[in-house]
Each structure stands twice: as C-alpha cells, then as structure tokens.
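One structure is given here, and the rest of the page talks about it.
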Amino acid sequence: MNVAPGAWKYAIVPLLAAPFALVISVTASLVALAVGAGTLAFFRDPDRTPPPTGVVSPADGNVSVLREEGDRVRLGIFMNVWHVHVVRAPFAGRVTDVEHVSGANRPAFSKESDRNERVHVRLETDSPNLPSPEDADSAAVETDESTSHPDEPDSDAEVTLIAGAFARRIHPYAERGDALERGDRIGHIAFGSRVDLLFPPTVDVEDVAVDIGDSMTAGETVVLESSPGDLGGFDLEVGSGSGSDGRDE
C-alpha cells in the first residue's frame with residue numbers, strides 16, 4: 001500500500017509501542033496496533049487513472065461549496081476522515097506560485113473555514129479540457145461585463161488546500177515552475193479537511209457537471225466535461241496520476 005510522505009512519522013510510535021503494551025495487556029497492544037494501522041490507512045495514496053477527457057476532481061470527498069465569486073466559479077470538496085487526503089491536479093498546467101497563508105483551524109464544513117490556514121497552488125493552463133477564451137468571449141456578450149477582471153489572464157486557476165479543526169499540517173508537493181499533468185499529485189493534508197478549485201474565468205457555474213453533496217474521487221471524477229470543440233487540434237491528456245510529480249517517496 002502506497003502512503004503519503006510523513007505517514008510513518010505518525011504511525012511508527014503506536015506500532016513500536018504495541019509489543020511493549022503486552023506488558024500491560026493484550027487489549028492495550030491491540031489498540032496500539034490498530035492506531036498504527038489506522039494511521040497508515042488514513043495516509044493511503046492509491047494510484048488513480050484519469051478518464052480520457054474532462055477536468056477531474058482535485059480531492060476525494062463530497063462537494064460542499066459551489067458558487068460564483070465575481071467572474072469565477074469556486075468548487076469546494078470536504079474530506080472526511082475515511083477519504084484519501086492526497087490532492088491531485090484537475091488539469092494540466094504550470095505552477096506559477098505556491099503560497100502558505102496562516103489562519104484558524106475551524107471545522108472544514110463550516111462557513112468560517114474560509115479563514116483557516118491554507119496553501120494556494122496557482123496554475124497557468126491552456127488545457128483543452130477547459131472552455132476556450134473564445135467561447136467565454138461569446139458568452140460574455142449576453143452577461144454583465146461589470147464583473148470582469150481584464151487584468152487577470154483567462155488561463156489562471158487555483159487549487160487551495162485548507163486545514164480543518166484537526167488538520168494542522170498541509171504538505172504541498174508542487175513547487176513554482178513545475179509542469180503538472182492531469183491527475184498528478186500536488187500535496188496532502190494531514191488529518192483534514194477541504195480542497196477548493198477556483199476555475200479560470202472561462203468557466204461558468206452552468207458548465208460544472210457536479211452539485212452540492214456529490215461524491216468525488218480525486219483524479220477520476222469528472223467535474224467539468226470537455227466539449228468536442230474544445231478538444232479540436234489537441235492531443236488528449238492521458239495522465240496516470242502515478243508518474244513523477246515531485247512527491248518524495
């Protein structure tokens with residue numbers, strides 16, 4: 001079983017303590033073994049295979065946020081304790097910035113979690129799995145242009161790893177300048193909690209293929225379908241999500 005970096009740091013103590021706990025009782029030893037094994041299971045990191053097309057979910061969990069923010073769309077995914085906590089790239093792109101922001105540790109499902117400690121992984125992308133700027137320009141004729149931000153390039157997107165009440169450690173694997181393929185690992189959150197995807201301005205909320213409460217599988221569930229026109233002239237991205245992605249083994 002593959003595990004995320006740092007998993008053994010948490011699991012080694014109860015696993016080493018298990019034999020000595022036999023001095024106390026068999027029950028104590030079994031509890032220590034269960035804690036160690038449970039920790040490794042929490043940090044499991046299975047391989048994922050993205051589908052041929054479409055923007056994929058960056059995280060396991062359930063959709064907890066889907067809203068418009070100006071001319072952007074935000075998709076938030078809440079991860080419970082039984083979900084895999086490794087975060088993946090939703091589409092191919094280049095990392096332009098990785099920013100750590102200090103904050104609180106409120107429950108990830110609460111509205112106050114927007115002020116929690118977080119790491120922003122900003123991406124520049126021309127992925128064919130996203131609507132093209134030309135499509136967005138055509139749609140903009142029918143919308144209010146007062147919400148536009150002309151200084152922001154259409155290719156910009158952002159994946160945010162958010163800590164929760166028990167999640168105190170965010171571990172980004174991606175660094176500025178890294179080239180990511182769809183489904184590549186970009187980080188994990190120890191014992192938590194929520195991942196947000198801020199789409200490029202070319203995406204409308206009506207384009208998103210999922211809704212509040214839907215179950216997600218990182219690197220496999222399609223959250224935005226690619227239109228046939230968007231794929232013309234491009235080779236399909238075929239990312240296994242298990243190749244070189246900057247993760248320390």
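Chain labels A, B, ... are given in the sequence in which chains occur in the structure tokens; within each chain residues are numbered consecutively from 1, and ligands are likewise numbered from 1 in the order shown.
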
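If you count only C-alpha atoms and ignore residues fewer than 3 places along the chain from A:Met79, what sits within 7 Å of it is A:Asp60, A:Gly61, A:Asn62, A:His83, A:Gly192, A:Ser193, A:Arg194.
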
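The space separating atom CA of A:Asp214 from atom CA of A:Trp82 comes to 15.9 Å.
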
Applying 12 Å and only C-alpha atoms, which residues near A:Ala17 remain after dropping the ones on its own chain fewer than 6 positions away? List them as a ChimeraX atom specification. /A:11,23-24,28-36

Limited to all heavy atoms, could you put the picked residues into a file as a PDB file, in the first residue's frame?
```pdb
ATOM      1  N   ALA A  11       2.711   6.932  12.418  1.00  0.00           N
ATOM      2  CA  ALA A  11       2.342   5.545  12.697  1.00  0.00           C
ATOM      3  C   ALA A  11       3.393   4.779  13.485  1.00  0.00           C
ATOM      4  O   ALA A  11       3.069   3.794  14.161  1.00  0.00           O
ATOM      5  CB  ALA A  11       2.055   4.817  11.376  1.00  0.00           C
ATOM      6  N   VAL A  23       2.895  -5.939  28.027  1.00  0.00           N
ATOM      7  CA  VAL A  23       3.186  -5.977  29.466  1.00  0.00           C
ATOM      8  C   VAL A  23       1.963  -5.515  30.256  1.00  0.00           C
ATOM      9  O   VAL A  23       1.694  -6.002  31.364  1.00  0.00           O
ATOM     10  CB  VAL A  23       4.404  -5.092  29.787  1.00  0.00           C
ATOM     11  CG1 VAL A  23       4.657  -5.032  31.283  1.00  0.00           C
ATOM     12  CG2 VAL A  23       5.630  -5.600  29.048  1.00  0.00           C
ATOM     13  N   ILE A  24       1.240  -4.572  29.662  1.00  0.00           N
ATOM     14  CA  ILE A  24       0.032  -4.063  30.322  1.00  0.00           C
ATOM     15  C   ILE A  24      -1.123  -5.026  30.103  1.00  0.00           C
ATOM     16  O   ILE A  24      -1.730  -5.529  31.051  1.00  0.00           O
ATOM     17  CB  ILE A  24      -0.310  -2.663  29.791  1.00  0.00           C
ATOM     18  CG1 ILE A  24       0.858  -1.708  30.021  1.00  0.00           C
ATOM     19  CG2 ILE A  24      -1.583  -2.127  30.444  1.00  0.00           C
ATOM     20  CD1 ILE A  24       0.683  -0.350  29.376  1.00  0.00           C
ATOM     21  N   ALA A  28      -4.348  -3.580  25.260  1.00  0.00           N
ATOM     22  CA  ALA A  28      -3.553  -2.377  25.025  1.00  0.00           C
ATOM     23  C   ALA A  28      -2.667  -2.547  23.799  1.00  0.00           C
ATOM     24  O   ALA A  28      -2.498  -1.608  23.006  1.00  0.00           O
ATOM     25  CB  ALA A  28      -2.701  -2.061  26.242  1.00  0.00           C
ATOM     26  N   SER A  29      -2.104  -3.720  23.609  1.00  0.00           N
ATOM     27  CA  SER A  29      -1.265  -3.981  22.450  1.00  0.00           C
ATOM     28  C   SER A  29      -2.072  -3.923  21.161  1.00  0.00           C
ATOM     29  O   SER A  29      -1.635  -3.343  20.159  1.00  0.00           O
ATOM     30  CB  SER A  29      -0.602  -5.351  22.582  1.00  0.00           C
ATOM     31  OG  SER A  29       0.208  -5.628  21.465  1.00  0.00           O
ATOM     32  N   LEU A  30      -3.264  -4.516  21.193  1.00  0.00           N
ATOM     33  CA  LEU A  30      -4.122  -4.494  20.008  1.00  0.00           C
ATOM     34  C   LEU A  30      -4.573  -3.075  19.670  1.00  0.00           C
ATOM     35  O   LEU A  30      -4.668  -2.707  18.493  1.00  0.00           O
ATOM     36  CB  LEU A  30      -5.333  -5.394  20.223  1.00  0.00           C
ATOM     37  CG  LEU A  30      -5.056  -6.898  20.280  1.00  0.00           C
ATOM     38  CD1 LEU A  30      -6.327  -7.669  20.609  1.00  0.00           C
ATOM     39  CD2 LEU A  30      -4.464  -7.385  18.956  1.00  0.00           C
ATOM     40  N   VAL A  31      -4.838  -2.288  20.687  1.00  0.00           N
ATOM     41  CA  VAL A  31      -5.240  -0.883  20.456  1.00  0.00           C
ATOM     42  C   VAL A  31      -4.104  -0.121  19.791  1.00  0.00           C
ATOM     43  O   VAL A  31      -4.318   0.640  18.837  1.00  0.00           O
ATOM     44  CB  VAL A  31      -5.657  -0.209  21.774  1.00  0.00           C
ATOM     45  CG1 VAL A  31      -5.788   1.305  21.583  1.00  0.00           C
ATOM     46  CG2 VAL A  31      -6.964  -0.790  22.283  1.00  0.00           C
ATOM     47  N   ALA A  32      -2.885  -0.321  20.266  1.00  0.00           N
ATOM     48  CA  ALA A  32      -1.729   0.363  19.666  1.00  0.00           C
ATOM     49  C   ALA A  32      -1.535  -0.057  18.214  1.00  0.00           C
ATOM     50  O   ALA A  32      -1.262   0.785  17.341  1.00  0.00           O
ATOM     51  CB  ALA A  32      -0.472   0.061  20.480  1.00  0.00           C
ATOM     52  N   LEU A  33      -1.688  -1.351  17.947  1.00  0.00           N
ATOM     53  CA  LEU A  33      -1.582  -1.826  16.569  1.00  0.00           C
ATOM     54  C   LEU A  33      -2.667  -1.215  15.691  1.00  0.00           C
ATOM     55  O   LEU A  33      -2.410  -0.819  14.539  1.00  0.00           O
ATOM     56  CB  LEU A  33      -1.684  -3.347  16.532  1.00  0.00           C
ATOM     57  CG  LEU A  33      -0.431  -4.140  16.892  1.00  0.00           C
ATOM     58  CD1 LEU A  33      -0.760  -5.628  16.963  1.00  0.00           C
ATOM     59  CD2 LEU A  33       0.683  -3.888  15.875  1.00  0.00           C
ATOM     60  N   ALA A  34      -3.876  -1.135  16.229  1.00  0.00           N
ATOM     61  CA  ALA A  34      -4.993  -0.577  15.462  1.00  0.00           C
ATOM     62  C   ALA A  34      -4.767   0.897  15.152  1.00  0.00           C
ATOM     63  O   ALA A  34      -5.065   1.358  14.046  1.00  0.00           O
ATOM     64  CB  ALA A  34      -6.301  -0.759  16.232  1.00  0.00           C
ATOM     65  N   VAL A  35      -4.218   1.636  16.115  1.00  0.00           N
ATOM     66  CA  VAL A  35      -3.940   3.057  15.892  1.00  0.00           C
ATOM     67  C   VAL A  35      -2.888   3.224  14.806  1.00  0.00           C
ATOM     68  O   VAL A  35      -3.020   4.060  13.904  1.00  0.00           O
ATOM     69  CB  VAL A  35      -3.489   3.733  17.203  1.00  0.00           C
ATOM     70  CG1 VAL A  35      -2.968   5.143  16.926  1.00  0.00           C
ATOM     71  CG2 VAL A  35      -4.635   3.787  18.198  1.00  0.00           C
ATOM     72  N   GLY A  36      -1.820   2.415  14.875  1.00  0.00           N
ATOM     73  CA  GLY A  36      -0.777   2.498  13.861  1.00  0.00           C
ATOM     74  C   GLY A  36      -1.278   2.130  12.476  1.00  0.00           C
ATOM     75  O   GLY A  36      -1.001   2.835  11.497  1.00  0.00           O
TER      76      GLY A  36
END
```

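In this model, the gap between atom CA of A:Arg44 and atom CA of A:Leu66 comes to 27.3 Å.
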
note - atom CA of A:Val205 and atom CA of A:Val87 are separated by 22.2 Å

Taking the DSSP assignment computed from this structure's backbone, write out as a PyMOL selection string all residues of stretch 158-189 of chain A that belong to strand (DSSP E). chain A and resi 158-162+169-172+179-180+185-189

Report as number ranges by chain all protein, DNA and RNA residues lying within 8 Å of A:Val222, evaluated on only C-alpha atoms, omitting residues in the same chain fewer than 3 positions from it. A: 51, 54-57, 209, 225

How would the residues just chosen look if you wrote them out with all heavy atoms as a PDB file, in the first residue's frame?
```pdb
ATOM      1  N   PRO A  51      -9.943   9.792 -16.550  1.00  0.00           N
ATOM      2  CA  PRO A  51     -10.650   9.430 -17.781  1.00  0.00           C
ATOM      3  C   PRO A  51     -10.031  10.162 -18.974  1.00  0.00           C
ATOM      4  O   PRO A  51      -9.228  11.081 -18.788  1.00  0.00           O
ATOM      5  CB  PRO A  51     -12.086   9.905 -17.506  1.00  0.00           C
ATOM      6  CG  PRO A  51     -11.939  10.985 -16.486  1.00  0.00           C
ATOM      7  CD  PRO A  51     -10.766  10.604 -15.636  1.00  0.00           C
ATOM      8  N   GLY A  54     -11.943  15.718 -19.792  1.00  0.00           N
ATOM      9  CA  GLY A  54     -12.652  16.373 -18.704  1.00  0.00           C
ATOM     10  C   GLY A  54     -11.737  16.842 -17.587  1.00  0.00           C
ATOM     11  O   GLY A  54     -10.644  16.313 -17.388  1.00  0.00           O
ATOM     12  N   VAL A  55     -12.184  17.847 -16.862  1.00  0.00           N
ATOM     13  CA  VAL A  55     -11.498  18.323 -15.664  1.00  0.00           C
ATOM     14  C   VAL A  55     -11.864  17.377 -14.530  1.00  0.00           C
ATOM     15  O   VAL A  55     -13.043  17.081 -14.311  1.00  0.00           O
ATOM     16  CB  VAL A  55     -11.928  19.760 -15.315  1.00  0.00           C
ATOM     17  CG1 VAL A  55     -11.313  20.210 -13.992  1.00  0.00           C
ATOM     18  CG2 VAL A  55     -11.533  20.716 -16.432  1.00  0.00           C
ATOM     19  N   VAL A  56     -10.863  16.890 -13.800  1.00  0.00           N
ATOM     20  CA  VAL A  56     -11.123  15.904 -12.751  1.00  0.00           C
ATOM     21  C   VAL A  56     -11.100  16.550 -11.369  1.00  0.00           C
ATOM     22  O   VAL A  56     -10.515  17.612 -11.167  1.00  0.00           O
ATOM     23  CB  VAL A  56     -10.099  14.745 -12.803  1.00  0.00           C
ATOM     24  CG1 VAL A  56     -10.258  13.963 -14.095  1.00  0.00           C
ATOM     25  CG2 VAL A  56      -8.676  15.257 -12.654  1.00  0.00           C
ATOM     26  N   SER A  57     -11.736  15.895 -10.441  1.00  0.00           N
ATOM     27  CA  SER A  57     -11.773  16.392  -9.067  1.00  0.00           C
ATOM     28  C   SER A  57     -10.376  16.409  -8.462  1.00  0.00           C
ATOM     29  O   SER A  57      -9.619  15.457  -8.616  1.00  0.00           O
ATOM     30  CB  SER A  57     -12.684  15.501  -8.217  1.00  0.00           C
ATOM     31  OG  SER A  57     -12.623  15.868  -6.849  1.00  0.00           O
ATOM     32  N   ALA A 209     -20.219  20.012 -13.824  1.00  0.00           N
ATOM     33  CA  ALA A 209     -21.020  18.803 -14.000  1.00  0.00           C
ATOM     34  C   ALA A 209     -21.437  18.157 -12.686  1.00  0.00           C
ATOM     35  O   ALA A 209     -22.056  17.096 -12.695  1.00  0.00           O
ATOM     36  CB  ALA A 209     -20.264  17.798 -14.855  1.00  0.00           C
ATOM     37  N   GLU A 225     -17.138  18.664 -17.985  1.00  0.00           N
ATOM     38  CA  GLU A 225     -16.973  17.910 -19.224  1.00  0.00           C
ATOM     39  C   GLU A 225     -16.328  18.774 -20.296  1.00  0.00           C
ATOM     40  O   GLU A 225     -16.582  19.978 -20.379  1.00  0.00           O
ATOM     41  CB  GLU A 225     -18.342  17.415 -19.725  1.00  0.00           C
ATOM     42  CG  GLU A 225     -19.050  16.468 -18.782  1.00  0.00           C
ATOM     43  CD  GLU A 225     -18.503  15.053 -18.856  1.00  0.00           C
ATOM     44  OE1 GLU A 225     -17.578  14.824 -19.668  1.00  0.00           O
ATOM     45  OE2 GLU A 225     -18.994  14.183 -18.122  1.00  0.00           O
TER      46      GLU A 225
END
```

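Excluding stretch 171-180 of chain A itself and same-chain residues fewer than 3 positions from it, the residues having an atom within 7 Å of it are Ala89, Ala92, Gly93, Arg94, Val95, Thr96, Asp97, Val98, Asp184, Ile186, Gly187, His188, Ile189, Gly246 and Arg247 of chain A, counting only C-alpha atoms.
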
Could the residues in this selection be written to a file with C-alpha atoms, as a PDB file, in the first residue's frame?
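That gives us part.pdb:
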```pdb
ATOM      1  CA  ALA A  89      -4.125  18.378 -10.343  1.00  0.00           C
ATOM      2  CA  ALA A  92      -2.559  20.029 -16.960  1.00  0.00           C
ATOM      3  CA  GLY A  93      -0.762  23.285 -16.224  1.00  0.00           C
ATOM      4  CA  ARG A  94       2.305  25.042 -14.881  1.00  0.00           C
ATOM      5  CA  VAL A  95       2.622  26.057 -11.232  1.00  0.00           C
ATOM      6  CA  THR A  96       3.102  29.836 -11.064  1.00  0.00           C
ATOM      7  CA  ASP A  97       3.000  30.230  -7.278  1.00  0.00           C
ATOM      8  CA  VAL A  98       2.643  28.278  -4.025  1.00  0.00           C
ATOM      9  CA  ASP A 184      -0.631  14.380 -10.771  1.00  0.00           C
ATOM     10  CA  ILE A 186       0.196  18.168  -5.757  1.00  0.00           C
ATOM     11  CA  GLY A 187       0.074  17.682  -1.975  1.00  0.00           C
ATOM     12  CA  HIS A 188      -1.755  16.238   1.014  1.00  0.00           C
ATOM     13  CA  ILE A 189      -3.357  17.472   4.212  1.00  0.00           C
ATOM     14  CA  GLY A 246       7.572  15.960  -7.158  1.00  0.00           C
ATOM     15  CA  ARG A 247       6.446  13.667  -4.349  1.00  0.00           C
TER      16      ARG A 247
END
```

Can you tell me which residues surround A:Arg88 at a distance of at most 7 Å, considering only C-alpha atoms, apart from same-chain residues fewer than 5 positions away, and format the answer as a compact mmCIF listing (two decimals) with N, CA and C atoms, in the first residue's frame?
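The result, written out as out_17.txt:
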```txt
# COMPACT_ATOMS: atom_id res chain seq x y z
N PRO A 58 -10.03 17.49 -7.74
CA PRO A 58 -8.72 17.52 -7.09
C PRO A 58 -8.65 16.72 -5.80
N ALA A 59 -9.80 16.27 -5.28
CA ALA A 59 -9.80 15.61 -3.97
C ALA A 59 -10.92 14.60 -3.86
N GLY A 183 -4.20 14.83 -12.99
CA GLY A 183 -4.16 13.70 -12.07
C GLY A 183 -2.88 13.58 -11.26
N ASP A 184 -1.87 14.42 -11.55
CA ASP A 184 -0.63 14.38 -10.77
C ASP A 184 -0.90 14.79 -9.32
N ARG A 185 -0.15 14.22 -8.41
CA ARG A 185 -0.25 14.59 -7.00
C ARG A 185 0.36 15.98 -6.79
N ILE A 186 -0.34 16.84 -6.04
CA ILE A 186 0.20 18.17 -5.76
C ILE A 186 0.35 18.43 -4.26
N ALA A 218 -10.68 11.76 -6.29
CA ALA A 218 -9.60 12.59 -6.83
C ALA A 218 -8.96 11.94 -8.06
N GLY A 219 -8.78 12.75 -9.10
CA GLY A 219 -8.11 12.27 -10.31
C GLY A 219 -8.97 11.43 -11.21
```

Distance query A:His120 at most 9 Å, only C-alpha atoms, self and fewer than 3 positions along chain excluded, as a VMD selection string: chain A and resid 97 to 101 158 to 162
